[in-house]
Amino acid sequence: MYISKQDLEKLGIKNVTPVKVPETKHDSLQTQKDLEIQMMLKGVHRQRKAVIKAKSKKRDKDNKPRETTESVTIYGQQLVQEGLLPMTTAINNYYVSAVKGEARKLASEVILLTKCLPIHQLENESAERWDAIAFITLKSVLDSITVGSTQNKAVIKIAGAIEDEARLAYFKDTDKKTYQRTKEWLNKNKKRNYSHNRRVFRHAMNRHNLEWQGFTNEEKVKLGKLLLELLIIHTGLVEFSNKVIKNKVYKYVKVTPKTLNWIEKKKISSEVLKPFKLPMIVEPQDWTTPYNGGYYIKQLRPPELMRALEEDSNANKGGK
């Protein structure tokens with residue numbers, strides 16, 4: 001029995017060597033297990049490629065500069081989830097204490113925070129009103145969590161993203177019909193590009209004479225710095241560090257050792273949990289529970305699989 005290249009391509013699977021199935025049951029099972037090890041390795045390569053792309057500061061097509069997007073990786077998404085509640089709580093506690101006159105920061109930061117939310121949301125006393133601001137702050141910082149970023153760049157990125165969110169909220173509240181039409185057009189266009197979408201929304205607002213007074217550069221620095229400090233203090237995901245470049249000292253935002261250690265472990269576990277699935281060449285295992293049927297992958301762990309991963313890693317090192 002053969003699984004031909006043509007049959008695999010019909011299933012949308014390319015660049016896979018056709019597999020011959022031996023006649024004996026024992027050899028067939030071993031061939032299936034060998035195939036599943038290859039599935040694992042292909043899954044590992046796919047995950048690593050996605051991480052490399054997310055961390056890249058250059059575009060693949062034209063080598064032009066691009067923003068890193070580590071927050072969309074598996075470890076980035078989980079860090080956002082883990083940090084959301086403490087960050088939301090921290091923003092709310094700061095806001096409440098500032099309004100009561102208890103916060104050390106002056107009133108200017110509080111005023112900037114109030115501009116980030118529509119009035120009806122601000123009147124809601126639940127800490128959840130700050131969920132979007134907390135999410136944007138986390139995403140902005142975690143986009144470059146392992147590659148690092150200067151403090152100034154992180155501060156401006158946070159404030160710029162929040163300014164865009166506040167602008168959209170104003171657009172939606174002021175002219176909901178036009179906002180919805182613009183959003184539907186973007187969904188049909190299917191161009192998943194943040195900068196492009198931002199330009200389209202701004203163009204739509206300008207056409208309908210909707211002016212939103214954004215933040216000044218000074219206000220952006222104040223707002224971004226406040227949120228970055230809250231994130232560092234209350235999540236422990238990143239920290240400040242000094243870096244000397246050409247006799248000048250720059251302040252950087254970098255991942256903490258504890259978070260970096262967690263990321264490395266998460267990358268390893270997520271790599272083996274997402275194999276590149278291929279058609280089986282033997283009869284699947286019976287499903288006696290929701291977790292044990294189908295592929296034989298679970299029977300490969302840890303000795304065979306870990307050996308294959310180690311051999312693959314050594315082979316890649318040798319090829320560099």
# chains A, B, ... in the order shown; residues from 1 in each chain; ligands from 1
call {"tool": "select_by_dssp", "arguments": {"residues": "region 16-263 of chain A", "states": "strand (DSSP E)", "output": "number ranges by chain"}}
result
A: 149-150, 238-245, 248-255
call {"tool": "closest_atom_pairs", "arguments": {"of": "region 186-289 of chain A", "to": "region 64-77 of chain A", "cutoff": "10 Å", "atoms": "only C-alpha atoms", "output": "CSV"}}
result
residue,atom,partner,partner_atom,distance
A:Trp262,CA,A:Tyr75,CA,8.7
A:Ile263,CA,A:Tyr75,CA,6.1
A:Glu264,CA,A:Tyr75,CA,8.8
A:Lys265,CA,A:Tyr75,CA,9.4
A:Lys266,CA,A:Tyr75,CA,6.2
A:Lys267,CA,A:Tyr75,CA,6.7
A:Ser270,CA,A:Ile74,CA,7.3
A:Glu271,CA,A:Ile74,CA,9.5
call {"tool": "closest_atom_pairs", "arguments": {"of": "region 28-125 of chain A", "to": "region 159-170 of chain A", "cutoff": "12 Å", "atoms": "only C-alpha atoms", "output": "JSON lines"}}
result
{"residue": "A:Glu109", "atom": "CA", "partner": "A:Ala159", "partner_atom": "CA", "distance": 12.0}
{"residue": "A:Leu112", "atom": "CA", "partner": "A:Glu163", "partner_atom": "CA", "distance": 10.1}
{"residue": "A:Leu113", "atom": "CA", "partner": "A:Ile162", "partner_atom": "CA", "distance": 9.8}
{"residue": "A:Thr114", "atom": "CA", "partner": "A:Ala166", "partner_atom": "CA", "distance": 10.1}
{"residue": "A:Lys115", "atom": "CA", "partner": "A:Ala166", "partner_atom": "CA", "distance": 7.3}
{"residue": "A:Cys116", "atom": "CA", "partner": "A:Ala166", "partner_atom": "CA", "distance": 5.1}
{"residue": "A:Leu117", "atom": "CA", "partner": "A:Ala166", "partner_atom": "CA", "distance": 6.5}
{"residue": "A:Pro118", "atom": "CA", "partner": "A:Ala169", "partner_atom": "CA", "distance": 6.8}
{"residue": "A:Ile119", "atom": "CA", "partner": "A:Tyr170", "partner_atom": "CA", "distance": 10.2}
{"residue": "A:His120", "atom": "CA", "partner": "A:Ala169", "partner_atom": "CA", "distance": 11.4}
{"residue": "A:Gln121", "atom": "CA", "partner": "A:Ala169", "partner_atom": "CA", "distance": 10.7}
call {"tool": "select_by_dssp", "arguments": {"residues": "region 26-162 of chain A", "states": "helix (DSSP H, G or I)", "output": "PyMOL selection string"}}
result
chain A and resi 26-55+70-72+74-99+107-114+119-122+127-142+151-162
call {"tool": "closest_residue", "arguments": {"among": "A:Ala154, A:Lys42, A:Gln30, A:Leu122", "to": "Lys220 (chain A)", "atoms": "only C-alpha atoms"}}
result
A:Ala154
call {"tool": "closest_atom_pairs", "arguments": {"of": "region 208-278 of chain A", "to": "region 78-84 of chain A", "cutoff": "12 Å", "atoms": "only C-alpha atoms", "output": "tab-separated table"}}
result
residue	atom	partner	partner_atom	distance
A:Leu230	CA	A:Gly83	CA	11.2
A:Leu231	CA	A:Gly83	CA	8.3
A:Ile232	CA	A:Gly83	CA	10.4
A:Ile233	CA	A:Gly83	CA	11.4
A:His234	CA	A:Gly83	CA	8.6
A:Thr235	CA	A:Gly83	CA	5.8
A:Gly236	CA	A:Gly83	CA	8.8
A:Leu237	CA	A:Gly83	CA	8.0
A:Val238	CA	A:Gly83	CA	11.0
A:Val255	CA	A:Leu79	CA	11.6
A:Thr259	CA	A:Leu79	CA	9.0
A:Leu260	CA	A:Leu79	CA	11.1
A:Trp262	CA	A:Leu79	CA	9.8
A:Ile263	CA	A:Leu79	CA	8.9
A:Lys266	CA	A:Gln78	CA	9.4
A:Lys267	CA	A:Gln78	CA	11.3
A:Ser270	CA	A:Gln78	CA	11.3
call {"tool": "closest_atom_pairs", "arguments": {"of": "region 128-215 of chain A", "to": "region 85-101 of chain A", "cutoff": "7 Å", "atoms": "only C-alpha atoms", "output": "Markdown table"}}
result
| residue | atom | partner | partner_atom | distance |
| --- | --- | --- | --- | --- |
| A:Glu128 | CA | A:Thr88 | CA | 6.7 |
| A:Trp130 | CA | A:Thr88 | CA | 5.6 |
| A:Asp131 | CA | A:Thr88 | CA | 5.6 |
| A:Ala134 | CA | A:Thr88 | CA | 5.3 |
call {"tool": "decode", "arguments": {"residues": "region 90-140 of chain A", "atoms": "N, CA and C atoms", "output": "CSV table (one decimal), in the first residue's frame"}}
result
chain,number,residue,atom,x,y,z
A,90,ALA,N,-4.6,46.8,38.9
A,90,ALA,CA,-3.6,47.8,39.2
A,90,ALA,C,-4.1,49.2,38.6
A,91,ILE,N,-4.6,49.2,37.4
A,91,ILE,CA,-5.1,50.4,36.8
A,91,ILE,C,-6.2,51.0,37.6
A,92,ASN,N,-7.2,50.1,37.9
A,92,ASN,CA,-8.4,50.5,38.7
A,92,ASN,C,-8.0,51.1,40.1
A,93,ASN,N,-7.1,50.4,40.7
A,93,ASN,CA,-6.7,50.8,42.1
A,93,ASN,C,-6.0,52.2,42.0
A,94,TYR,N,-5.2,52.3,41.0
A,94,TYR,CA,-4.5,53.6,40.8
A,94,TYR,C,-5.5,54.7,40.6
A,95,TYR,N,-6.5,54.5,39.7
A,95,TYR,CA,-7.5,55.5,39.3
A,95,TYR,C,-8.3,55.9,40.5
A,96,VAL,N,-8.8,54.9,41.3
A,96,VAL,CA,-9.6,55.2,42.4
A,96,VAL,C,-8.8,55.9,43.5
A,97,SER,N,-7.6,55.5,43.7
A,97,SER,CA,-6.8,56.2,44.8
A,97,SER,C,-6.4,57.6,44.3
A,98,ALA,N,-6.2,57.8,43.0
A,98,ALA,CA,-5.9,59.1,42.5
A,98,ALA,C,-7.1,60.1,42.6
A,99,VAL,N,-8.3,59.6,42.3
A,99,VAL,CA,-9.5,60.4,42.4
A,99,VAL,C,-9.7,60.8,43.8
A,100,LYS,N,-9.4,59.9,44.7
A,100,LYS,CA,-9.5,60.2,46.2
A,100,LYS,C,-8.4,61.1,46.7
A,101,GLY,N,-7.4,61.4,45.8
A,101,GLY,CA,-6.3,62.2,46.3
A,101,GLY,C,-5.2,61.4,47.0
A,102,GLU,N,-5.2,60.1,46.9
A,102,GLU,CA,-4.3,59.3,47.6
A,102,GLU,C,-3.0,58.9,46.8
A,103,ALA,N,-3.1,59.0,45.5
A,103,ALA,CA,-2.0,58.5,44.6
A,103,ALA,C,-0.9,59.6,44.6
A,104,ARG,N,0.3,59.1,44.5
A,104,ARG,CA,1.5,60.0,44.5
A,104,ARG,C,1.5,60.8,43.2
A,105,LYS,N,1.1,60.2,42.1
A,105,LYS,CA,1.1,60.9,40.8
A,105,LYS,C,0.1,62.1,40.9
A,106,LEU,N,0.4,63.2,40.1
A,106,LEU,CA,-0.5,64.3,40.1
A,106,LEU,C,-1.7,64.0,39.2
A,107,ALA,N,-2.7,64.9,39.2
A,107,ALA,CA,-3.9,64.7,38.5
A,107,ALA,C,-3.8,64.6,37.0
A,108,SER,N,-2.7,65.0,36.4
A,108,SER,CA,-2.6,65.0,34.9
A,108,SER,C,-2.8,63.6,34.4
A,109,GLU,N,-2.1,62.6,35.0
A,109,GLU,CA,-2.2,61.2,34.6
A,109,GLU,C,-3.7,60.6,34.7
A,110,VAL,N,-4.4,61.1,35.7
A,110,VAL,CA,-5.8,60.6,35.9
A,110,VAL,C,-6.6,61.2,34.8
A,111,ILE,N,-6.4,62.4,34.4
A,111,ILE,CA,-7.2,63.1,33.4
A,111,ILE,C,-6.9,62.3,32.0
A,112,LEU,N,-5.7,61.9,31.8
A,112,LEU,CA,-5.4,61.2,30.6
A,112,LEU,C,-6.1,59.8,30.6
A,113,LEU,N,-6.1,59.2,31.7
A,113,LEU,CA,-6.8,57.9,31.8
A,113,LEU,C,-8.3,58.1,31.5
A,114,THR,N,-8.9,59.2,32.0
A,114,THR,CA,-10.4,59.4,31.7
A,114,THR,C,-10.6,59.6,30.2
A,115,LYS,N,-9.6,60.1,29.5
A,115,LYS,CA,-9.8,60.3,28.1
A,115,LYS,C,-9.8,59.0,27.3
A,116,CYS,N,-9.3,57.9,27.9
A,116,CYS,CA,-9.2,56.7,27.3
A,116,CYS,C,-10.5,55.9,27.2
A,117,LEU,N,-11.4,56.3,28.0
A,117,LEU,CA,-12.7,55.5,28.0
A,117,LEU,C,-13.9,56.4,27.7
A,118,PRO,N,-14.9,55.9,27.1
A,118,PRO,CA,-16.2,56.7,27.0
A,118,PRO,C,-16.8,56.9,28.3
A,119,ILE,N,-17.6,58.0,28.5
A,119,ILE,CA,-18.1,58.4,29.8
A,119,ILE,C,-18.9,57.3,30.4
A,120,HIS,N,-19.7,56.6,29.6
A,120,HIS,CA,-20.6,55.6,30.2
A,120,HIS,C,-19.8,54.4,30.7
A,121,GLN,N,-18.6,54.1,30.2
A,121,GLN,CA,-17.8,53.1,30.7
A,121,GLN,C,-17.1,53.5,32.0
A,122,LEU,N,-16.7,54.8,32.0
A,122,LEU,CA,-16.0,55.4,33.1
A,122,LEU,C,-16.9,55.4,34.4
A,123,GLU,N,-18.2,55.6,34.2
A,123,GLU,CA,-19.1,55.6,35.3
A,123,GLU,C,-19.3,54.2,35.9
A,124,ASN,N,-18.9,53.2,35.2
A,124,ASN,CA,-19.0,51.8,35.7
A,124,ASN,C,-17.9,51.6,36.7
A,125,GLU,N,-18.2,51.3,38.0
A,125,GLU,CA,-17.2,51.3,39.0
A,125,GLU,C,-16.4,49.9,39.0
A,126,SER,N,-16.8,49.0,38.2
A,126,SER,CA,-16.1,47.7,38.1
A,126,SER,C,-14.7,47.9,37.5
A,127,ALA,N,-13.8,47.1,38.0
A,127,ALA,CA,-12.4,47.2,37.5
A,127,ALA,C,-12.3,46.7,36.1
A,128,GLU,N,-13.3,46.0,35.6
A,128,GLU,CA,-13.3,45.5,34.2
A,128,GLU,C,-13.4,46.6,33.2
A,129,ARG,N,-13.8,47.8,33.6
A,129,ARG,CA,-13.8,48.9,32.7
A,129,ARG,C,-12.4,49.2,32.0
A,130,TRP,N,-11.4,48.7,32.7
A,130,TRP,CA,-10.0,49.0,32.3
A,130,TRP,C,-9.4,47.8,31.5
A,131,ASP,N,-10.3,46.8,31.2
A,131,ASP,CA,-9.8,45.6,30.5
A,131,ASP,C,-9.1,45.9,29.2
A,132,ALA,N,-9.7,46.7,28.4
A,132,ALA,CA,-9.1,47.1,27.1
A,132,ALA,C,-7.8,47.8,27.2
A,133,ILE,N,-7.7,48.7,28.2
A,133,ILE,CA,-6.4,49.5,28.4
A,133,ILE,C,-5.4,48.5,28.9
A,134,ALA,N,-5.7,47.6,29.8
A,134,ALA,CA,-4.8,46.6,30.3
A,134,ALA,C,-4.3,45.7,29.2
A,135,PHE,N,-5.2,45.3,28.4
A,135,PHE,CA,-4.9,44.3,27.3
A,135,PHE,C,-3.9,45.0,26.3
A,136,ILE,N,-4.2,46.3,25.9
A,136,ILE,CA,-3.4,47.0,25.0
A,136,ILE,C,-2.0,47.2,25.5
A,137,THR,N,-1.9,47.5,26.8
A,137,THR,CA,-0.6,47.7,27.5
A,137,THR,C,0.2,46.4,27.4
A,138,LEU,N,-0.4,45.3,27.8
A,138,LEU,CA,0.3,44.0,27.8
A,138,LEU,C,0.7,43.7,26.4
A,139,LYS,N,-0.1,43.8,25.4
A,139,LYS,CA,0.2,43.4,24.1
A,139,LYS,C,1.3,44.3,23.5
A,140,SER,N,1.3,45.6,23.8
A,140,SER,CA,2.4,46.5,23.3
A,140,SER,C,3.7,46.1,23.8
